[in-house]
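Q: Okay, handing you the structure first.
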Amino acid sequence: MAYDRNNVFARILRGEIPCKKVYEDAHVLAFHDINPQAPTHILVIPKGEYVSLDDFAENATVEEIAALIHALGRIAREHGVADSGYRVLSNTGPAAHQEVPHFHVHLFGGRDLGGMLLRR
Ligand code: AMP
């Protein structure tokens, strides 16, 4: 899938729409989800133009990949969920109901997060 420069996270990265920022470095931006599904619900995104995790894994630099993983751990600790527990999740494509076509990782915590997947 080609990268859509008008997706909402691209617009946040360009400063065209606001976000509640929790972390930023040269490669990563993290901010609160606008529709939180847990007491802690933070989105961690690369600044580069990647559609999905597999796009990121294939095309990002080692520095970009390391920065994203480093940010996730740091944010989990700084937001007080490292000990109580948290979940990271990245929706990719139609089967996972990905809404925003800019690679992002959800970080959830602050409550019991239940089972891993809805069983059908
Ligand atoms: P996904 O289904 O994984 O693509 O999730 C996209 C997430 O982006 C959803 O949890 C939305 O609530 C969130 N979202 C959409 N627009 C914004 C925004 N302007 N600021 C923060 N989060 C947003």
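Identifiers in the structure tokens: chain A, B, ... in order shown; residue index from 1 per chain; ligand index from 1 in order shown.
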Enumerate the residues of chain A with a DSSP assignment of helix (DSSP H, G or I), computed from the backbone, and present them as number ranges by chain.

A: A: 8-13, 53-59, 62-78, 94-96

Q: Please save N, CA and C atoms of the selected residues as a short mmCIF file (atom, residue, chain, number, x, y, z; two decimals), in the first residue's frame.

A:
data_model
loop_
_atom_site.label_atom_id
_atom_site.label_comp_id
_atom_site.auth_asym_id
_atom_site.auth_seq_id
_atom_site.Cartn_x
_atom_site.Cartn_y
_atom_site.Cartn_z
N VAL A 8 -4.12 10.97 9.33
CA VAL A 8 -4.19 11.83 10.52
C VAL A 8 -2.86 11.88 11.27
N PHE A 9 -2.10 10.79 11.30
CA PHE A 9 -0.83 10.82 12.04
C PHE A 9 0.22 11.61 11.27
N ALA A 10 0.18 11.58 9.95
CA ALA A 10 1.08 12.43 9.16
C ALA A 10 0.78 13.89 9.45
N ARG A 11 -0.49 14.22 9.60
CA ARG A 11 -0.88 15.60 9.89
C ARG A 11 -0.45 16.00 11.30
N ILE A 12 -0.53 15.08 12.25
CA ILE A 12 -0.02 15.36 13.61
C ILE A 12 1.49 15.61 13.54
N LEU A 13 2.21 14.77 12.81
CA LEU A 13 3.67 14.93 12.70
C LEU A 13 4.04 16.27 12.07
N LEU A 53 3.67 -2.44 10.23
CA LEU A 53 4.82 -3.04 10.90
C LEU A 53 5.74 -3.72 9.89
N ASP A 54 5.16 -4.44 8.94
CA ASP A 54 6.02 -5.16 7.98
C ASP A 54 6.75 -4.19 7.06
N ASP A 55 6.11 -3.08 6.71
CA ASP A 55 6.78 -2.03 5.93
C ASP A 55 7.94 -1.44 6.75
N PHE A 56 7.66 -1.15 8.03
CA PHE A 56 8.68 -0.59 8.92
C PHE A 56 9.85 -1.56 9.08
N ALA A 57 9.53 -2.83 9.33
CA ALA A 57 10.58 -3.83 9.54
C ALA A 57 11.47 -3.98 8.30
N GLU A 58 10.85 -3.84 7.12
CA GLU A 58 11.58 -4.05 5.87
C GLU A 58 12.39 -2.81 5.47
N ASN A 59 11.84 -1.62 5.74
CA ASN A 59 12.40 -0.41 5.13
C ASN A 59 12.99 0.61 6.09
N VAL A 62 18.02 0.67 11.15
CA VAL A 62 18.21 0.04 12.47
C VAL A 62 17.99 1.07 13.57
N GLU A 63 18.42 2.30 13.33
CA GLU A 63 18.25 3.36 14.35
C GLU A 63 16.77 3.66 14.58
N GLU A 64 15.99 3.71 13.51
CA GLU A 64 14.55 3.98 13.67
C GLU A 64 13.88 2.84 14.43
N ILE A 65 14.23 1.61 14.10
CA ILE A 65 13.62 0.45 14.77
C ILE A 65 14.01 0.44 16.25
N ALA A 66 15.28 0.66 16.53
CA ALA A 66 15.73 0.68 17.92
C ALA A 66 15.05 1.80 18.70
N ALA A 67 14.89 2.94 18.07
CA ALA A 67 14.27 4.09 18.75
C ALA A 67 12.83 3.79 19.15
N LEU A 68 12.10 3.11 18.27
CA LEU A 68 10.71 2.80 18.58
C LEU A 68 10.61 1.84 19.76
N ILE A 69 11.43 0.81 19.75
CA ILE A 69 11.39 -0.17 20.86
C ILE A 69 11.85 0.49 22.16
N HIS A 70 12.89 1.29 22.07
CA HIS A 70 13.38 2.01 23.25
C HIS A 70 12.27 2.90 23.82
N ALA A 71 11.58 3.62 22.95
CA ALA A 71 10.52 4.53 23.40
C ALA A 71 9.40 3.75 24.10
N LEU A 72 9.02 2.61 23.54
CA LEU A 72 7.94 1.83 24.16
C LEU A 72 8.29 1.45 25.60
N GLY A 73 9.50 0.96 25.81
CA GLY A 73 9.90 0.57 27.16
C GLY A 73 9.97 1.76 28.10
N ARG A 74 10.52 2.83 27.60
CA ARG A 74 10.64 4.04 28.43
C ARG A 74 9.26 4.58 28.82
N ILE A 75 8.36 4.63 27.87
CA ILE A 75 7.01 5.17 28.14
C ILE A 75 6.28 4.26 29.13
N ALA A 76 6.41 2.95 28.96
CA ALA A 76 5.76 2.02 29.91
C ALA A 76 6.26 2.29 31.32
N ARG A 77 7.56 2.47 31.47
CA ARG A 77 8.10 2.74 32.81
C ARG A 77 7.63 4.09 33.32
N GLU A 78 7.74 5.12 32.47
CA GLU A 78 7.41 6.48 32.92
C GLU A 78 5.93 6.66 33.23
N PRO A 94 -6.81 -4.88 6.85
CA PRO A 94 -8.25 -5.03 7.05
C PRO A 94 -8.63 -6.05 8.13
N ALA A 95 -7.95 -7.17 8.21
CA ALA A 95 -8.34 -8.20 9.18
C ALA A 95 -8.17 -7.70 10.61
N ALA A 96 -7.25 -6.78 10.80
CA ALA A 96 -7.00 -6.23 12.14
C ALA A 96 -7.67 -4.88 12.33
#

Q: Let me have all residues with an atom within 8 Å of ligand 1, counting only C-alpha atoms and all ligand atoms, laid out as a list in words.

A: Val8, Phe9, Ile12, Ile17, Pro18, Cys19, Lys20, Phe31, His32, Asp33, Ile34, Asn35, Pro36, Gln37, Leu43, Leu89, Ser90, Asn91, Thr92, Ala96, His97, Gln98, Glu99, Val100, Pro101, His102, His104, Val105 and His106 of chain A

Q: Report the distance between atom CA of Arg119 of chain A and atom CA of His41 of chain A in Å, rounded to one decimal place.

A: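 Separation of atom CA of Arg119 of chain A and atom CA of His41 of chain A: 22.5 Å.
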
Q: List the spatial neighbours of segment 115-118 of chain A as a compact mmCIF listing (two decimals) with N, CA and C atoms, in the first residue's frame - criterion: any atom at most 12 Å away, only C-alpha atoms, same-chain residues fewer than 2 positions off excluded.

A:
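Just written: out16.txt:
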# COMPACT_ATOMS: atom_id res chain seq x y z
N TYR A 86 1.28 -4.34 31.03
CA TYR A 86 0.77 -3.55 29.89
C TYR A 86 0.76 -4.43 28.65
N ARG A 87 0.15 -3.90 27.60
CA ARG A 87 0.08 -4.64 26.33
C ARG A 87 0.45 -3.70 25.21
N VAL A 88 1.24 -4.18 24.25
CA VAL A 88 1.49 -3.43 23.03
C VAL A 88 0.84 -4.18 21.87
N LEU A 89 0.29 -3.41 20.94
CA LEU A 89 -0.50 -4.00 19.86
C LEU A 89 -0.37 -3.12 18.62
N ALA A 96 -7.25 -6.78 10.80
CA ALA A 96 -7.00 -6.23 12.14
C ALA A 96 -7.67 -4.88 12.33
N ASP A 112 -6.81 -4.39 34.34
CA ASP A 112 -6.70 -5.75 33.81
C ASP A 112 -7.15 -5.72 32.36
N LEU A 113 -6.30 -6.16 31.47
CA LEU A 113 -6.57 -6.03 30.04
C LEU A 113 -7.27 -7.25 29.44
N ARG A 120 -14.09 -16.29 18.84
CA ARG A 120 -15.35 -16.39 18.07
C ARG A 120 -15.76 -17.84 17.92

Q: Given the choices A:Arg111, A:Leu29, A:Ser84, A:Ala60, which gets closest to Ile45 of chain A if the distance is worked out from only C-alpha atoms?

A: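 Smallest distance to Ile45 of chain A is found for A:Leu29.
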